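*Asks:* entry-v1.txt (compact mmCIF, C-alpha atoms and all ligand atoms) pasted underneath:
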```
# COMPACT_ATOMS: atom_id res chain seq x y z
CA MET A 70 -26.50 12.05 -6.62
CA SER A 71 -26.89 8.25 -6.31
CA ALA A 72 -23.84 6.11 -5.54
CA THR A 73 -23.83 4.78 -9.10
CA ALA A 74 -23.92 8.30 -10.45
CA THR A 75 -21.07 9.21 -8.07
CA ILE A 76 -19.02 6.28 -9.32
CA GLU A 77 -19.69 7.26 -12.92
CA ALA A 78 -18.76 10.86 -12.18
CA ASN A 79 -15.59 9.84 -10.37
CA LYS A 80 -14.20 7.24 -12.74
CA GLY A 81 -11.87 7.72 -15.61
CA GLY A 82 -9.17 9.68 -13.85
CA ALA A 83 -11.31 12.53 -12.54
CA GLN A 84 -9.83 14.20 -9.47
CA PRO A 85 -11.80 15.78 -6.62
CA ALA A 86 -12.33 19.51 -7.27
CA ALA A 87 -10.24 20.72 -4.32
CA GLN A 88 -6.59 19.63 -4.33
CA PRO A 89 -5.00 21.38 -1.37
CA LEU A 90 -2.21 18.82 -1.02
CA ALA A 91 0.68 18.25 -3.41
CA ASN A 92 1.50 14.90 -5.00
CA HIS A 93 3.82 12.86 -2.80
CA ILE A 94 4.27 10.15 -5.41
CA GLU A 95 4.14 10.74 -9.14
CA ALA A 96 4.76 8.67 -12.25
CA LYS A 97 4.84 10.11 -15.77
CA GLY A 98 5.11 7.94 -18.87
CA LEU A 99 6.84 5.21 -16.89
CA ASN A 100 8.04 2.14 -18.82
CA LYS A 101 9.68 -1.04 -17.59
CA HIS A 102 10.62 -4.23 -19.45
CA PHE A 103 12.00 -7.51 -18.19
CA GLY A 104 13.61 -8.83 -21.39
CA LYS A 105 10.74 -8.95 -23.88
CA VAL A 106 8.06 -8.69 -21.19
CA ALA A 107 6.52 -5.20 -21.04
CA ALA A 108 5.94 -5.15 -17.28
CA LEU A 109 4.79 -1.51 -17.30
CA GLU A 110 3.79 0.69 -20.22
CA ASP A 111 3.16 4.43 -20.07
CA ILE A 112 2.18 4.56 -16.40
CA ASN A 113 0.84 7.94 -15.26
CA PHE A 114 -0.56 8.65 -11.81
CA GLY A 115 -0.13 10.78 -8.73
CA ILE A 116 -0.78 10.12 -5.05
CA ARG A 117 -1.35 13.19 -2.93
CA ASN A 118 0.17 13.84 0.46
CA GLN A 119 -1.76 11.79 3.07
CA GLU A 120 -3.89 10.06 0.45
CA PHE A 121 -4.64 6.32 0.70
CA VAL A 122 -4.50 4.73 -2.76
CA SER A 123 -4.85 1.04 -3.58
CA VAL A 124 -3.73 -0.70 -6.74
CA LEU A 125 -5.79 -3.64 -8.00
CA GLY A 126 -5.09 -5.85 -10.99
CA PRO A 127 -4.66 -9.43 -12.22
CA SER A 128 -1.61 -11.45 -11.30
CA GLY A 129 1.39 -10.42 -13.37
CA CYS A 130 0.06 -6.98 -14.42
CA GLY A 131 3.03 -5.20 -12.86
CA LYS A 132 1.73 -4.05 -9.46
CA SER A 133 4.80 -5.19 -7.52
CA THR A 134 7.10 -3.86 -10.21
CA LEU A 135 5.46 -0.46 -9.90
CA LEU A 136 5.76 -0.49 -6.11
CA ARG A 137 9.40 -1.58 -6.26
CA ILE A 138 10.21 1.25 -8.65
CA ILE A 139 8.58 3.80 -6.32
CA ALA A 140 10.47 2.21 -3.39
CA GLY A 141 13.72 2.77 -5.31
CA LEU A 142 14.46 -0.96 -5.35
CA ILE A 143 14.58 -1.48 -9.13
CA PRO A 144 15.39 0.82 -12.05
CA TYR A 145 13.04 1.81 -14.90
CA GLU A 146 13.84 2.59 -18.52
CA SER A 147 11.96 5.72 -19.45
CA GLY A 148 9.51 8.24 -18.07
CA THR A 149 9.90 9.61 -14.57
CA ALA A 150 9.00 8.47 -11.08
CA THR A 151 9.27 11.05 -8.31
CA VAL A 152 8.73 11.08 -4.57
CA ARG A 153 8.12 14.49 -2.99
CA GLY A 154 9.31 16.07 -6.23
CA GLU A 155 12.63 14.17 -6.36
CA VAL A 156 13.45 11.59 -9.00
CA ILE A 157 13.73 8.14 -7.42
CA HIS A 158 17.13 6.45 -7.75
CA SER A 159 17.40 4.36 -4.61
CA PRO A 160 15.56 3.53 -1.34
CA ARG A 161 14.78 6.56 0.84
CA PRO A 162 14.34 6.92 4.60
CA ASP A 163 11.04 8.76 4.12
CA ILE A 164 9.49 5.63 2.56
CA GLY A 165 8.54 2.56 4.60
CA VAL A 166 7.90 -0.67 2.70
CA VAL A 167 5.89 -3.70 3.83
CA PHE A 168 5.93 -6.92 1.80
CA GLN A 169 3.62 -9.93 1.81
CA THR A 170 6.26 -12.15 3.33
CA ASN A 171 7.55 -10.52 6.46
CA ASN A 172 11.18 -9.45 6.67
CA MET A 173 11.66 -10.54 10.27
CA LEU A 174 14.98 -12.12 11.16
CA PRO A 175 14.09 -15.32 13.07
CA TRP A 176 17.00 -15.10 15.53
CA LEU A 177 16.04 -11.60 16.73
CA THR A 178 13.24 -10.64 19.11
CA VAL A 179 10.32 -8.54 17.94
CA ARG A 180 11.92 -5.45 19.52
CA LYS A 181 15.27 -6.06 17.80
CA ASN A 182 13.54 -6.70 14.48
CA VAL A 183 11.45 -3.53 14.72
CA GLU A 184 14.45 -1.38 15.64
CA LEU A 185 16.61 -2.61 12.72
CA GLY A 186 15.81 0.34 10.42
CA ALA A 187 16.53 2.81 13.22
CA ARG A 188 19.88 1.13 13.92
CA ILE A 189 20.83 1.16 10.23
CA ARG A 190 20.00 4.90 10.12
CA LYS A 191 22.08 5.36 13.32
CA MET A 192 19.25 6.90 15.31
CA PRO A 193 20.53 7.77 18.83
CA ALA A 194 19.74 4.98 21.33
CA GLN A 195 17.29 6.97 23.45
CA ALA A 196 15.26 8.20 20.47
CA ARG A 197 15.37 4.70 18.99
CA ASP A 198 14.04 3.07 22.17
CA HIS A 199 11.29 5.66 22.34
CA ALA A 200 10.35 5.13 18.67
CA VAL A 201 10.27 1.34 19.07
CA ASP A 202 8.17 1.53 22.27
CA LYS A 203 5.70 3.80 20.48
CA VAL A 204 5.42 1.57 17.41
CA LEU A 205 4.98 -1.59 19.52
CA GLU A 206 2.25 0.15 21.48
CA VAL A 207 0.45 1.41 18.35
CA LEU A 208 0.50 -2.13 16.96
CA SER A 209 -0.51 -3.75 20.28
CA LEU A 210 2.73 -5.71 20.37
CA SER A 211 4.29 -4.32 23.58
CA LYS A 212 3.67 -7.58 25.44
CA PHE A 213 5.49 -9.52 22.71
CA ALA A 214 8.57 -7.28 22.47
CA ASP A 215 10.85 -10.04 23.76
CA ALA A 216 9.25 -12.88 21.78
CA HIS A 217 10.86 -14.32 18.66
CA PRO A 218 9.00 -14.39 15.33
CA HIS A 219 8.21 -18.12 15.53
CA GLN A 220 6.33 -17.48 18.79
CA LEU A 221 3.90 -15.09 17.07
CA SER A 222 0.76 -15.76 15.04
CA GLY A 223 0.80 -14.88 11.31
CA GLY A 224 -1.19 -11.71 11.99
CA MET A 225 1.21 -10.62 14.74
CA ARG A 226 4.23 -11.26 12.51
CA GLN A 227 2.66 -9.11 9.82
CA ARG A 228 1.94 -6.38 12.39
CA ALA A 229 5.58 -6.53 13.44
CA SER A 230 6.58 -6.13 9.76
CA ILE A 231 4.45 -3.01 9.62
CA GLY A 232 6.30 -1.92 12.77
CA GLN A 233 9.62 -2.33 10.95
CA ALA A 234 8.34 0.05 8.28
CA LEU A 235 6.86 2.53 10.78
CA VAL A 236 9.81 2.86 13.18
CA LEU A 237 11.39 5.76 11.27
CA ASP A 238 7.94 7.40 11.11
CA PRO A 239 8.10 7.70 7.31
CA PRO A 240 5.51 9.99 5.72
CA ILE A 241 5.08 7.45 2.91
CA LEU A 242 4.12 3.80 3.30
CA LEU A 243 4.25 1.33 0.40
CA MET A 244 2.55 -1.99 1.05
CA ASP A 245 2.73 -4.98 -1.31
CA GLU A 246 -0.13 -7.34 -0.42
CA PRO A 247 0.73 -7.12 3.28
CA PHE A 248 -2.27 -9.23 4.33
CA GLY A 249 -2.39 -11.65 1.38
CA ALA A 250 -1.17 -14.66 3.35
CA LEU A 251 -3.56 -14.21 6.28
CA ASP A 252 -6.96 -15.76 6.95
CA ALA A 253 -10.00 -13.59 6.25
CA LEU A 254 -10.76 -12.76 9.88
CA THR A 255 -7.18 -11.70 10.74
CA ARG A 256 -7.06 -9.74 7.50
CA ASP A 257 -10.25 -7.85 8.39
CA LYS A 258 -8.85 -7.04 11.84
CA LEU A 259 -5.57 -5.77 10.40
CA ASN A 260 -7.48 -3.66 7.86
CA VAL A 261 -9.22 -1.93 10.75
CA GLU A 262 -5.90 -1.50 12.55
CA LEU A 263 -4.20 -0.10 9.45
CA LEU A 264 -7.03 2.36 8.95
CA ARG A 265 -6.77 3.47 12.59
CA ILE A 266 -3.01 4.06 12.19
CA TRP A 267 -3.56 5.94 8.95
CA GLN A 268 -6.33 8.06 10.48
CA GLU A 269 -4.15 8.96 13.48
CA HIS A 270 -0.81 9.44 11.70
CA ARG A 271 -2.00 10.43 8.21
CA LYS A 272 0.63 8.88 6.01
CA THR A 273 0.60 8.72 2.23
CA VAL A 274 -0.19 5.07 1.48
CA MET A 275 0.11 3.02 -1.71
CA LEU A 276 -1.35 -0.44 -1.10
CA ILE A 277 -1.25 -3.34 -3.52
CA THR A 278 -4.01 -5.84 -2.98
CA HIS A 279 -5.98 -8.57 -4.73
CA SER A 280 -9.02 -7.88 -2.56
CA ILE A 281 -11.57 -5.50 -4.07
CA ALA A 282 -13.41 -5.18 -0.72
CA GLU A 283 -10.16 -4.35 1.08
CA ALA A 284 -9.33 -1.68 -1.52
CA VAL A 285 -12.79 -0.08 -1.25
CA PHE A 286 -12.85 -0.17 2.55
CA LEU A 287 -9.43 1.43 2.97
CA SER A 288 -8.90 3.77 0.05
CA ASP A 289 -9.53 7.30 -1.08
CA ARG A 290 -8.87 6.13 -4.62
CA VAL A 291 -8.33 2.82 -6.42
CA LEU A 292 -6.12 2.39 -9.49
CA VAL A 293 -6.99 -0.63 -11.64
CA MET A 294 -4.29 -2.21 -13.78
CA ALA A 295 -4.50 -4.62 -16.72
CA ASP A 296 -1.75 -6.91 -17.98
CA ARG A 297 0.23 -7.42 -21.18
CA PRO A 298 1.41 -4.73 -21.18
CA GLY A 299 0.93 -3.65 -17.56
CA LYS A 300 -0.96 -0.37 -17.50
CA ILE A 301 -3.49 1.61 -15.50
CA ILE A 302 -6.91 1.27 -17.11
CA GLU A 303 -9.18 2.94 -14.58
CA GLU A 304 -9.10 5.20 -11.57
CA VAL A 305 -12.04 5.20 -9.13
CA VAL A 306 -12.48 7.74 -6.34
CA ILE A 307 -13.99 6.03 -3.27
CA ASP A 308 -16.34 8.64 -1.92
CA LEU A 309 -17.33 6.92 1.35
CA PRO A 310 -17.49 8.84 4.64
CA ARG A 311 -14.54 8.76 7.07
CA PRO A 312 -13.73 7.72 9.71
CA ARG A 313 -14.78 4.29 8.46
CA ASP A 314 -16.10 1.67 10.80
CA ALA A 315 -15.82 -1.85 9.37
CA ALA A 316 -19.41 -3.00 9.86
CA ALA A 317 -21.08 0.34 9.14
CA THR A 318 -19.01 1.02 6.01
CA ARG A 319 -19.56 -2.45 4.55
CA ALA A 320 -23.30 -2.12 5.20
CA LEU A 321 -23.52 1.03 3.05
CA PRO A 322 -25.21 0.42 -0.32
CA GLN A 323 -22.45 2.50 -1.98
CA PHE A 324 -19.82 0.09 -0.61
CA GLY A 325 -21.48 -2.79 -2.46
CA GLU A 326 -21.80 -0.67 -5.58
CA TYR A 327 -18.08 0.21 -5.59
CA VAL A 328 -17.19 -3.47 -5.07
CA ALA A 329 -19.51 -4.51 -7.92
CA TYR A 330 -18.23 -1.77 -10.21
CA LEU A 331 -14.57 -2.66 -9.64
CA GLY A 332 -15.41 -6.36 -10.02
CA LYS A 333 -16.95 -5.61 -13.39
CA ILE A 334 -13.92 -3.65 -14.59
CA MET A 335 -11.67 -6.50 -13.51
CA GLY A 336 -13.90 -9.13 -15.11
CA VAL A 337 -14.59 -10.82 -11.76
CA THR A 338 -18.34 -10.10 -11.83
CA LYS A 339 -20.72 -9.36 -14.68
N1 LIG B 401 12.83 -9.92 -11.87
C1 LIG B 401 12.06 -10.23 -12.90
N2 LIG B 401 12.60 -10.82 -13.99
C2 LIG B 401 11.85 -11.13 -15.06
N3 LIG B 401 10.52 -10.88 -15.15
C3 LIG B 401 9.93 -10.30 -14.10
C4 LIG B 401 10.66 -9.95 -12.92
N4 LIG B 401 9.81 -9.37 -12.04
C5 LIG B 401 8.60 -9.36 -12.64
N5 LIG B 401 8.67 -9.92 -13.88
C6 LIG B 401 7.56 -10.06 -14.83
O1 LIG B 401 6.94 -8.79 -14.94
C7 LIG B 401 5.52 -8.92 -14.98
C8 LIG B 401 4.92 -8.15 -13.81
O2 LIG B 401 5.27 -8.80 -12.59
P1 LIG B 401 4.81 -8.27 -11.17
O3 LIG B 401 5.37 -9.15 -10.13
O4 LIG B 401 5.10 -6.82 -11.07
O5 LIG B 401 3.22 -8.46 -11.26
P2 LIG B 401 2.12 -8.39 -10.12
O6 LIG B 401 0.95 -7.69 -10.70
O7 LIG B 401 2.71 -7.83 -8.88
O8 LIG B 401 1.78 -9.94 -9.90
P3 LIG B 401 1.19 -10.68 -8.60
O9 LIG B 401 -0.16 -10.08 -8.35
O10 LIG B 401 1.09 -12.11 -9.02
O11 LIG B 401 2.15 -10.46 -7.47
C9 LIG B 401 5.22 -10.41 -14.95
O12 LIG B 401 5.06 -10.85 -16.28
C10 LIG B 401 6.47 -11.00 -14.32
O13 LIG B 401 6.67 -12.32 -14.76
```
What would you get if you wrote out this structure as structure tokens?

*Replies:*
Amino acid sequence: MSATATIEANKGGAQPAAQPLANHIEAKGLNKHFGKVAALEDINFGIRNQEFVSVLGPSGCGKSTLLRIIAGLIPYESGTATVRGEVIHSPRPDIGVVFQTNNMLPWLTVRKNVELGARIRKMPAQARDHAVDKVLEVLSLSKFADAHPHQLSGGMRQRASIGQALVLDPPILLMDEPFGALDALTRDKLNVELLRIWQEHRKTVMLITHSIAEAVFLSDRVLVMADRPGKIIEEVVIDLPRPRDAAATRALPQFGEYVAYLGKIMGVTK
């Protein structure tokens, strides 16, 4: 089957035939208003255990609202949102969240910032130190453990933010445009790093991004949203081989076809 045929076969909500893993995240008939603004209308989707799913859509279509609902940070009006089969009411320790603007406290060192979540959850000191050491190593930040945020580059600060989310080793990672404020080169490098972490630790990831290429490179599946009201209009399975190497994956003709196809749906390309 050609890549175009694969895309056609995969679009429109089709799931791969084999589904050995249960949904980690699920939304059914989810609705959310801010006053008269219908931020989300009848949202239905599932993300399987260890799946990497990106959400693309125009500014204001409700991507962040959706992520914040799943993170348990804001309420919704009707429908259901569940994580590992449990209705979401509030933030959970099994979900790590990374935002576009990092949450680092400027007066604390990188180590102290990364260990915050573990301290709040009262992890014993020895286990906490071990967890922080491991996360700093995974993110190549060990040498900067005693630096303060202002001494780091933008990319390093964002890596440290990811460290804050990873320290409790949550099985689920929600990321709201984590690389949006970075230059293209740093962004590409962090994409590769994120993929390496995901490949080694196999977390369930929901990533919000404005970059079609980033979504295609990283994801198993891409959800496309439209605005007014915010809803999911398309679901595209990204059937590219893994593990994915940046240069080799982007050189694949199918990569370009997925990017073009998603661009067309989003009205970016004709
Ligand atoms: N706290 C709030 N109060 C009122 N309206 C809000 C609030 N948060 C979001 N909205 C509105 O809900 C809609 C969806 O916003 P949201 O931030 O989820 O979109 P988005 O797709 O993440 O946008 P962007 O890509 O620009 O970050 C927008 O119309 C926004 O103005």

*Asks:* Residues proximal to (-3.3, 11.8, 3.3) were defined as those with any atom within 7 Å of that point in the file's coordinates, counting all atoms listed in the file. Which are they, as a ChimeraX atom specification?

*Replies:* /A:117-121,271-273

*Asks:* So which residues are near ligand LIG 401 (chain B), meaning at most 8 Å away with all atoms listed in the file counted, given back as a PyMOL selection string?

*Replies:* chain A and resi 102-104+106-109+126-135+278-279+296-297+299

*Asks:* Using Å and a single decimal, report how far atom CA of Leu287 of chain A sits from atom CA of Lys97 of chain A.

*Replies:* 25.1 Å

*Asks:* Enter the distance from atom CA of Gly224 of chain A to atom CA of Leu251 of chain A, in Å, rounded to one decimal.

*Replies:*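 Atom CA of Gly224 of chain A sits 6.7 Å away from atom CA of Leu251 of chain A.
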
*Asks:* Within 7 Å of Ala250 of chain A, counting all atoms listed in the file, which residues show up once you throw out same-chain ones fewer than 2 positions away? Write them as a PyMOL selection string, please.

*Replies:* chain A and resi 169+248+252
